[in-house]
$ cat target01.pdb   # PDB, C-alpha atoms
ATOM      1  CA  GLN A   1      -9.969  -9.803  10.635  1.00  0.00           C
ATOM      2  CA  PRO A   2     -11.379 -11.471   7.498  1.00  0.00           C
ATOM      3  CA  VAL A   3     -10.469  -9.498   4.373  1.00  0.00           C
ATOM      4  CA  THR A   4     -11.114 -11.249   1.014  1.00  0.00           C
ATOM      5  CA  ASP A   5     -10.545 -14.599  -0.677  1.00  0.00           C
ATOM      6  CA  GLY A   6      -9.550 -16.371   2.547  1.00  0.00           C
ATOM      7  CA  ARG A   7      -6.956 -13.716   3.388  1.00  0.00           C
ATOM      8  CA  VAL A   8      -6.983 -12.236   6.883  1.00  0.00           C
ATOM      9  CA  ASN A   9      -5.401  -9.396   8.817  1.00  0.00           C
ATOM     10  CA  ILE A  10      -3.858 -10.305  12.150  1.00  0.00           C
ATOM     11  CA  TYR A  11      -4.794  -8.046  15.073  1.00  0.00           C
ATOM     12  CA  ALA A  12      -3.550  -8.744  18.603  1.00  0.00           C
ATOM     13  CA  ALA A  13      -4.086  -6.661  21.720  1.00  0.00           C
ATOM     14  CA  LEU A  14      -3.730  -7.301  25.438  1.00  0.00           C
ATOM     15  CA  ASP A  15      -6.006  -6.424  28.339  1.00  0.00           C
ATOM     16  CA  ARG A  16      -6.091  -2.619  27.941  1.00  0.00           C
ATOM     17  CA  PRO A  17      -7.240  -0.475  25.015  1.00  0.00           C
ATOM     18  CA  PRO A  18      -4.211   0.279  22.847  1.00  0.00           C
ATOM     19  CA  GLU A  19      -2.746   3.746  22.546  1.00  0.00           C
ATOM     20  CA  LEU A  20       0.017   2.541  20.237  1.00  0.00           C
ATOM     21  CA  VAL A  21      -0.283   0.118  17.309  1.00  0.00           C
ATOM     22  CA  PHE A  22       2.662  -1.509  15.560  1.00  0.00           C
ATOM     23  CA  SER A  23       1.663  -2.341  12.005  1.00  0.00           C
ATOM     24  CA  THR A  24       3.058  -3.595   8.733  1.00  0.00           C
ATOM     25  CA  HIS A  25       1.940  -5.798   5.871  1.00  0.00           C
ATOM     26  CA  TYR A  26       2.772  -9.469   5.763  1.00  0.00           C
ATOM     27  CA  ASP A  27       1.992 -10.372   2.186  1.00  0.00           C
ATOM     28  CA  CYS A  28       4.429  -9.778  -0.639  1.00  0.00           C
ATOM     29  CA  VAL A  29       4.548  -9.273  -4.353  1.00  0.00           C
ATOM     30  CA  PRO A  30       3.683 -12.489  -6.223  1.00  0.00           C
ATOM     31  CA  PRO A  31       4.876 -15.083  -6.901  1.00  0.00           C
ATOM     32  CA  PHE A  32       4.991 -16.417  -3.349  1.00  0.00           C
ATOM     33  CA  TYR A  33       8.140 -18.089  -2.040  1.00  0.00           C
ATOM     34  CA  PRO A  34       8.012 -19.432   1.524  1.00  0.00           C
ATOM     35  CA  SER A  35      10.152 -17.726   4.160  1.00  0.00           C
ATOM     36  CA  ARG A  36      12.638 -19.617   6.294  1.00  0.00           C
ATOM     37  CA  GLY A  37      14.847 -18.900   9.270  1.00  0.00           C
ATOM     38  CA  GLU A  38      18.476 -19.995   9.035  1.00  0.00           C
ATOM     39  CA  ARG A  39      21.516 -19.186  11.239  1.00  0.00           C
ATOM     40  CA  GLY A  40      19.552 -16.401  12.919  1.00  0.00           C
ATOM     41  CA  PHE A  41      18.571 -14.762   9.630  1.00  0.00           C
ATOM     42  CA  LEU A  42      15.241 -14.564   7.841  1.00  0.00           C
ATOM     43  CA  PHE A  43      15.260 -15.500   4.143  1.00  0.00           C
ATOM     44  CA  GLY A  44      12.513 -15.275   1.529  1.00  0.00           C
ATOM     45  CA  ARG A  45      10.629 -12.802  -0.581  1.00  0.00           C
ATOM     46  CA  GLY A  46       9.697  -9.784   1.543  1.00  0.00           C
ATOM     47  CA  SER A  47      12.286 -10.507   4.274  1.00  0.00           C
ATOM     48  CA  CYS A  48      13.864  -7.075   4.012  1.00  0.00           C
ATOM     49  CA  ASP A  49      10.541  -5.420   3.268  1.00  0.00           C
ATOM     50  CA  ALA A  50       8.009  -6.444   5.863  1.00  0.00           C
ATOM     51  CA  LYS A  51       8.917  -9.826   7.328  1.00  0.00           C
ATOM     52  CA  GLY A  52      11.978  -8.466   9.136  1.00  0.00           C
ATOM     53  CA  ILE A  53       9.993  -5.491  10.346  1.00  0.00           C
ATOM     54  CA  LEU A  54       7.163  -7.761  11.503  1.00  0.00           C
ATOM     55  CA  ALA A  55       9.675  -9.830  13.498  1.00  0.00           C
ATOM     56  CA  ALA A  56      11.147  -6.650  15.031  1.00  0.00           C
ATOM     57  CA  GLN A  57       7.659  -5.420  15.983  1.00  0.00           C
ATOM     58  CA  VAL A  58       6.823  -8.737  17.668  1.00  0.00           C
ATOM     59  CA  ALA A  59      10.121  -8.511  19.596  1.00  0.00           C
ATOM     60  CA  ALA A  60       9.310  -4.921  20.639  1.00  0.00           C
ATOM     61  CA  ALA A  61       5.851  -6.042  21.785  1.00  0.00           C
ATOM     62  CA  GLU A  62       7.416  -8.827  23.854  1.00  0.00           C
ATOM     63  CA  ARG A  63       9.754  -6.323  25.521  1.00  0.00           C
ATOM     64  CA  LEU A  64       6.888  -3.954  26.272  1.00  0.00           C
ATOM     65  CA  ARG A  65       4.782  -6.766  27.705  1.00  0.00           C
ATOM     66  CA  ALA A  66       7.706  -8.031  29.832  1.00  0.00           C
ATOM     67  CA  SER A  67       8.090  -4.522  31.277  1.00  0.00           C
ATOM     68  CA  GLY A  68       4.417  -4.473  32.297  1.00  0.00           C
ATOM     69  CA  GLU A  69       3.163  -2.244  29.485  1.00  0.00           C
ATOM     70  CA  SER A  70      -0.027  -3.418  27.796  1.00  0.00           C
ATOM     71  CA  ARG A  71      -1.423  -0.342  26.012  1.00  0.00           C
ATOM     72  CA  PHE A  72      -0.275  -1.483  22.587  1.00  0.00           C
ATOM     73  CA  ALA A  73      -1.462  -3.737  19.794  1.00  0.00           C
ATOM     74  CA  LEU A  74      -0.057  -5.478  16.738  1.00  0.00           C
ATOM     75  CA  LEU A  75      -1.749  -5.175  13.346  1.00  0.00           C
ATOM     76  CA  PHE A  76      -0.479  -7.070  10.331  1.00  0.00           C
ATOM     77  CA  VAL A  77      -2.401  -6.465   7.119  1.00  0.00           C
ATOM     78  CA  VAL A  78      -2.717  -8.033   3.664  1.00  0.00           C
ATOM     79  CA  GLY A  79      -3.211  -6.308   0.324  1.00  0.00           C
ATOM     80  CA  GLU A  80      -0.341  -3.846   0.539  1.00  0.00           C
ATOM     81  CA  GLU A  81       0.609  -4.044  -3.134  1.00  0.00           C
ATOM     82  CA  ARG A  82      -2.825  -3.840  -4.735  1.00  0.00           C
ATOM     83  CA  GLY A  83      -5.896  -2.080  -3.424  1.00  0.00           C
ATOM     84  CA  SER A  84      -4.980  -1.881   0.274  1.00  0.00           C
ATOM     85  CA  ASP A  85      -8.020  -4.015   1.113  1.00  0.00           C
ATOM     86  CA  GLY A  86      -6.474  -5.177   4.396  1.00  0.00           C
ATOM     87  CA  ALA A  87      -5.843  -1.583   5.490  1.00  0.00           C
ATOM     88  CA  ARG A  88      -9.425  -0.655   4.612  1.00  0.00           C
ATOM     89  CA  VAL A  89     -10.799  -3.487   6.773  1.00  0.00           C
ATOM     90  CA  ALA A  90      -8.422  -2.580   9.606  1.00  0.00           C
ATOM     91  CA  ASN A  91      -9.537   1.039   9.430  1.00  0.00           C
ATOM     92  CA  ASP A  92     -13.185  -0.011   9.719  1.00  0.00           C
ATOM     93  CA  CYS A  93     -12.337  -2.165  12.772  1.00  0.00           C
ATOM     94  CA  ALA A  94      -9.941   0.287  14.465  1.00  0.00           C
ATOM     95  CA  PRO A  95     -10.427   0.692  18.211  1.00  0.00           C
ATOM     96  CA  GLY A  96     -10.937   4.177  19.615  1.00  0.00           C
ATOM     97  CA  GLY A  97      -8.225   5.794  21.689  1.00  0.00           C
ATOM     98  CA  VAL A  98      -5.240   4.863  19.517  1.00  0.00           C
ATOM     99  CA  ARG A  99      -2.866   7.824  19.562  1.00  0.00           C
ATOM    100  CA  PHE A 100       0.091   6.466  17.630  1.00  0.00           C
ATOM    101  CA  LEU A 101       0.609   4.107  14.700  1.00  0.00           C
ATOM    102  CA  ILE A 102       4.075   2.860  13.842  1.00  0.00           C
ATOM    103  CA  ASN A 103       3.862   1.527  10.314  1.00  0.00           C
ATOM    104  CA  GLY A 104       6.857  -0.596   9.430  1.00  0.00           C
ATOM    105  CA  GLU A 105       8.234  -0.051   5.957  1.00  0.00           C
ATOM    106  CA  PRO A 106      11.912   0.173   4.901  1.00  0.00           C
ATOM    107  CA  THR A 107      13.203   3.753   4.921  1.00  0.00           C
ATOM    108  CA  ASP A 108      17.004   3.321   4.879  1.00  0.00           C
ATOM    109  CA  ASN A 109      16.986   3.464   8.708  1.00  0.00           C
ATOM    110  CA  ARG A 110      15.481   6.948   8.694  1.00  0.00           C
ATOM    111  CA  LEU A 111      12.310   7.805  10.586  1.00  0.00           C
ATOM    112  CA  GLY A 112       9.440   8.493   8.223  1.00  0.00           C
ATOM    113  CA  ALA A 113       7.476  11.226   9.997  1.00  0.00           C
ATOM    114  CA  ALA A 114       4.805  11.552   7.300  1.00  0.00           C
ATOM    115  CA  THR A 115       3.492   9.821   4.234  1.00  0.00           C
ATOM    116  CA  ARG A 116       1.966  10.952   0.997  1.00  0.00           C
ATOM    117  CA  GLY A 117      -1.696  10.302   0.440  1.00  0.00           C
ATOM    118  CA  VAL A 118      -3.122   8.489  -2.533  1.00  0.00           C
ATOM    119  CA  LEU A 119      -5.678   9.582  -5.061  1.00  0.00           C
ATOM    120  CA  ARG A 120      -6.692   6.913  -7.537  1.00  0.00           C
ATOM    121  CA  VAL A 121      -8.515   8.087 -10.627  1.00  0.00           C
ATOM    122  CA  LYS A 122     -10.050   6.134 -13.476  1.00  0.00           C
ATOM    123  CA  LEU A 123     -10.578   8.008 -16.704  1.00  0.00           C
ATOM    124  CA  HIS A 124     -13.152   6.731 -19.152  1.00  0.00           C
ATOM    125  CA  ALA A 125     -13.716   8.112 -22.624  1.00  0.00           C
ATOM    126  CA  THR A 126     -16.256   7.159 -25.196  1.00  0.00           C
ATOM    127  CA  GLY A 127     -15.982   7.374 -28.923  1.00  0.00           C
ATOM    128  CA  ARG A 128     -17.581   6.120 -32.077  1.00  0.00           C
ATOM    129  CA  ALA A 129     -16.060   3.289 -34.073  1.00  0.00           C
ATOM    130  CA  ALA A 130     -15.509   3.733 -37.793  1.00  0.00           C
ATOM    131  CA  HIS A 131     -13.960   1.629 -40.510  1.00  0.00           C
ATOM    132  CA  SER A 132     -10.238   2.270 -40.955  1.00  0.00           C
ATOM    133  CA  SER A 133     -10.877   3.383 -44.528  1.00  0.00           C
ATOM    134  CA  PHE A 134     -13.077   6.250 -43.198  1.00  0.00           C
ATOM    135  CA  PRO A 135     -11.549   7.195 -39.812  1.00  0.00           C
ATOM    136  CA  GLU A 136     -12.993  10.701 -40.112  1.00  0.00           C
ATOM    137  CA  LEU A 137     -16.464   9.172 -39.556  1.00  0.00           C
ATOM    138  CA  GLY A 138     -15.409   7.949 -36.123  1.00  0.00           C
ATOM    139  CA  GLU A 139     -14.423   9.580 -32.882  1.00  0.00           C
ATOM    140  CA  SER A 140     -11.404   8.097 -31.096  1.00  0.00           C
ATOM    141  CA  ALA A 141     -11.809   7.528 -27.356  1.00  0.00           C
ATOM    142  CA  ILE A 142      -8.100   6.699 -27.245  1.00  0.00           C
ATOM    143  CA  ASP A 143      -7.195  10.110 -28.663  1.00  0.00           C
ATOM    144  CA  LYS A 144      -9.340  11.732 -25.960  1.00  0.00           C
ATOM    145  CA  LEU A 145      -7.471   9.831 -23.250  1.00  0.00           C
ATOM    146  CA  LEU A 146      -4.108  10.710 -24.766  1.00  0.00           C
ATOM    147  CA  ASP A 147      -5.111  14.389 -24.784  1.00  0.00           C
ATOM    148  CA  ALA A 148      -6.088  14.114 -21.107  1.00  0.00           C
ATOM    149  CA  LEU A 149      -2.766  12.482 -20.217  1.00  0.00           C
ATOM    150  CA  VAL A 150      -0.814  15.160 -22.086  1.00  0.00           C
ATOM    151  CA  ALA A 151      -2.796  17.819 -20.202  1.00  0.00           C
ATOM    152  CA  LEU A 152      -2.003  16.069 -16.897  1.00  0.00           C
ATOM    153  CA  ARG A 153       1.704  16.457 -17.594  1.00  0.00           C
ATOM    154  CA  GLU A 154       1.206  20.232 -17.636  1.00  0.00           C
ATOM    155  CA  VAL A 155      -0.605  20.434 -14.273  1.00  0.00           C
ATOM    156  CA  ALA A 156       1.438  22.158 -11.574  1.00  0.00           C
ATOM    157  CA  LEU A 157       1.395  19.694  -8.681  1.00  0.00           C
ATOM    158  CA  PRO A 158       2.225  20.823  -5.143  1.00  0.00           C
ATOM    159  CA  ASP A 159       5.537  20.453  -3.302  1.00  0.00           C
ATOM    160  CA  ASP A 160       5.881  19.849   0.420  1.00  0.00           C
ATOM    161  CA  GLN A 161       8.905  20.618   2.612  1.00  0.00           C
ATOM    162  CA  VAL A 162       8.737  17.193   4.270  1.00  0.00           C
ATOM    163  CA  LEU A 163       7.318  14.978   1.530  1.00  0.00           C
ATOM    164  CA  GLY A 164       8.883  16.547  -1.536  1.00  0.00           C
ATOM    165  CA  ARG A 165       7.207  16.884  -4.873  1.00  0.00           C
ATOM    166  CA  THR A 166       3.905  15.249  -5.752  1.00  0.00           C
ATOM    167  CA  HIS A 167       4.218  12.259  -8.065  1.00  0.00           C
ATOM    168  CA  TYR A 168       1.772  10.571 -10.372  1.00  0.00           C
ATOM    169  CA  THR A 169       1.843   7.287 -12.182  1.00  0.00           C
ATOM    170  CA  ILE A 170      -0.175   6.139 -15.152  1.00  0.00           C
ATOM    171  CA  GLY A 171      -0.703   2.500 -14.190  1.00  0.00           C
ATOM    172  CA  LEU A 172      -2.915   1.003 -16.875  1.00  0.00           C
ATOM    173  CA  ILE A 173      -4.368   2.117 -20.157  1.00  0.00           C
ATOM    174  CA  SER A 174      -6.514   0.191 -22.604  1.00  0.00           C
ATOM    175  CA  GLY A 175      -9.020   0.832 -25.316  1.00  0.00           C
ATOM    176  CA  GLY A 176     -10.189   0.262 -28.808  1.00  0.00           C
ATOM    177  CA  VAL A 177     -12.299  -2.402 -30.450  1.00  0.00           C
ATOM    178  CA  ALA A 178     -10.080  -3.405 -33.404  1.00  0.00           C
ATOM    179  CA  PRO A 179      -6.550  -2.875 -34.709  1.00  0.00           C
TER     180      PRO A 179
END

$ encode --input "target01.pdb" --output "structure tokens"
Amino acid sequence: QPVTDGRVNIYAALDRPPELVFSTHYDCVPPFYPSRGERGFLFGRGSCDAKGILAAQVAAAERLRASGESRFALLFVVGEERGSDGARVANDCAPGGVRFLINGEPTDNRLGAATRGVLRVKLHATGRAAHSSFPELGESAIDKLLDALVALREVALPDDQVLGRTHYTIGLISGGVAP
């Protein structure tokens, strides 16, 4: 599945529509270091994150296929760290009839029965520049954003028995036109 910038998802299915899909990501946080197998172990960036899981999912698929089962597929996506563009493409291409998705991600050997959703928000504020000798003639967009962030800290976010408390992260902030 073509994604962006020459990056592709890998989707593999057999002769029957899948009811189960094994999935994980196969890219990793930059910078890239090539993986290698040595003495039966997998080494390299992402080995304990997704590469080991990907190998385990391929082995599980081989066992299923050897037993005569073919109602499964493998889906390995790119873009896990930023933007989830591979997952978006995969979602648009998803076959009907899939009942189960096993998404491989390290969980300290505990089954993850649910996952939190994501809400990404961009806040934009406008102001009016003024000379530093007359700041009262301006209107600071940065101050407006700071006020919004302080207000966000006071919002009561929901808790869930399975997923725990809701988290938020301020990822990037920028602004201003001069020091």

$ resolve_selection --input "target01.pdb" --expression "the PyMOL selection byres ((chain A and resi 15) around 8)" --output "VMD selection string"
chain A and resid 13 to 14 16 to 17 70 to 71

$ residues_around --input "target01.pdb" --residues "Leu75 (chain A)" --least-positions-apart "2" --cutoff "9 Å" --atoms "all atoms listed in the file" --output "list in words"
Asn9, Ile10, Tyr11, Ala12, Ala13, Val21, Phe22, Ser23, Thr24, His25, Ala73, Val77 and Ala90 of chain A

$ write_last_selection --input "target01.pdb" --atoms "C-alpha atoms" --output "short mmCIF file (atom, residue, chain, number, x, y, z; two decimals), in the frame of the given file"
data_model
loop_
_atom_site.label_atom_id
_atom_site.label_comp_id
_atom_site.auth_asym_id
_atom_site.auth_seq_id
_atom_site.Cartn_x
_atom_site.Cartn_y
_atom_site.Cartn_z
CA ASN A 9 -5.40 -9.40 8.82
CA ILE A 10 -3.86 -10.30 12.15
CA TYR A 11 -4.79 -8.05 15.07
CA ALA A 12 -3.55 -8.74 18.60
CA ALA A 13 -4.09 -6.66 21.72
CA VAL A 21 -0.28 0.12 17.31
CA PHE A 22 2.66 -1.51 15.56
CA SER A 23 1.66 -2.34 12.00
CA THR A 24 3.06 -3.60 8.73
CA HIS A 25 1.94 -5.80 5.87
CA ALA A 73 -1.46 -3.74 19.79
CA VAL A 77 -2.40 -6.46 7.12
CA ALA A 90 -8.42 -2.58 9.61
#

$ resolve_selection --input "target01.pdb" --expression "the PyMOL selection byres ((chain A and resi 116) around 9)" --output "compact mmCIF listing (two decimals) with C-alpha atoms, in the coordinates of the input"
# COMPACT_ATOMS: atom_id res chain seq x y z
CA ALA A 114 4.80 11.55 7.30
CA THR A 115 3.49 9.82 4.23
CA GLY A 117 -1.70 10.30 0.44
CA VAL A 118 -3.12 8.49 -2.53
CA LEU A 163 7.32 14.98 1.53
CA THR A 166 3.90 15.25 -5.75

$ closest_residue --input "target01.pdb" --among "A:Val8, A:Val78, A:Asp49, A:Arg39" --to "Asp27 (chain A)" --atoms "all atoms listed in the file"
A:Val78

$ residues_around --input "target01.pdb" --residues "Gly112 (chain A)" --least-positions-apart "3" --cutoff "10 Å" --atoms "all atoms listed in the file" --output "MDAnalysis selection string"
chainID A and resid 102:109 115 162:163

$ residues_around --input "target01.pdb" --residues "Gly44 (chain A)" --least-positions-apart "5" --cutoff "7 Å" --atoms "all atoms listed in the file" --output "CSV table (one decimal) with C-alpha atoms, in the coordinates of the input"
chain,number,residue,atom,x,y,z
A,33,TYR,CA,8.1,-18.1,-2.0
A,34,PRO,CA,8.0,-19.4,1.5
A,35,SER,CA,10.2,-17.7,4.2
A,36,ARG,CA,12.6,-19.6,6.3

$ resolve_selection --input "target01.pdb" --expression "the PyMOL selection byres ((chain A and resi 121-132) around 8)" --output "number ranges by chain"
A: 119-120, 133-142, 144-145, 177

$ closest_residue --input "target01.pdb" --among "A:Val3, A:Ala156, A:Ala178, A:Ala113" --to "Asn91 (chain A)" --atoms "only C-alpha atoms"
A:Val3

$ atom_distance --input "target01.pdb" --atom1 "CA of Glu69 (chain A)" --atom2 "CA of Phe41 (chain A)"
28.1 Å

$ atom_distance --input "target01.pdb" --atom1 "CA of Phe72 (chain A)" --atom2 "CA of Leu20 (chain A)"
4.7 Å

$ atom_distance --input "target01.pdb" --atom1 "CA of Gly79 (chain A)" --atom2 "CA of Gly175 (chain A)"
27.2 Å

$ axis_aligned_box --input "target01.pdb" --around "region 170-177 of chain A" --padding-each-side "8 Å" --output "AutoDock Vina command-line options"
--center_x -6.2 --center_y 1.9 --center_z -22.3 --size_x 28.1 --size_y 24.5 --size_z 32.3

$ residues_around --input "target01.pdb" --residues "His167 (chain A)" --least-positions-apart "2" --cutoff "8 Å" --atoms "only C-alpha atoms" --output "JSON, numbers by chain"
{"A": [157, 165, 169]}

$ closest_residue --input "target01.pdb" --among "A:Val98, A:Cys93, A:Ala151, A:Ile53" --to "Glu19 (chain A)" --atoms "all atoms listed in the file"
A:Val98
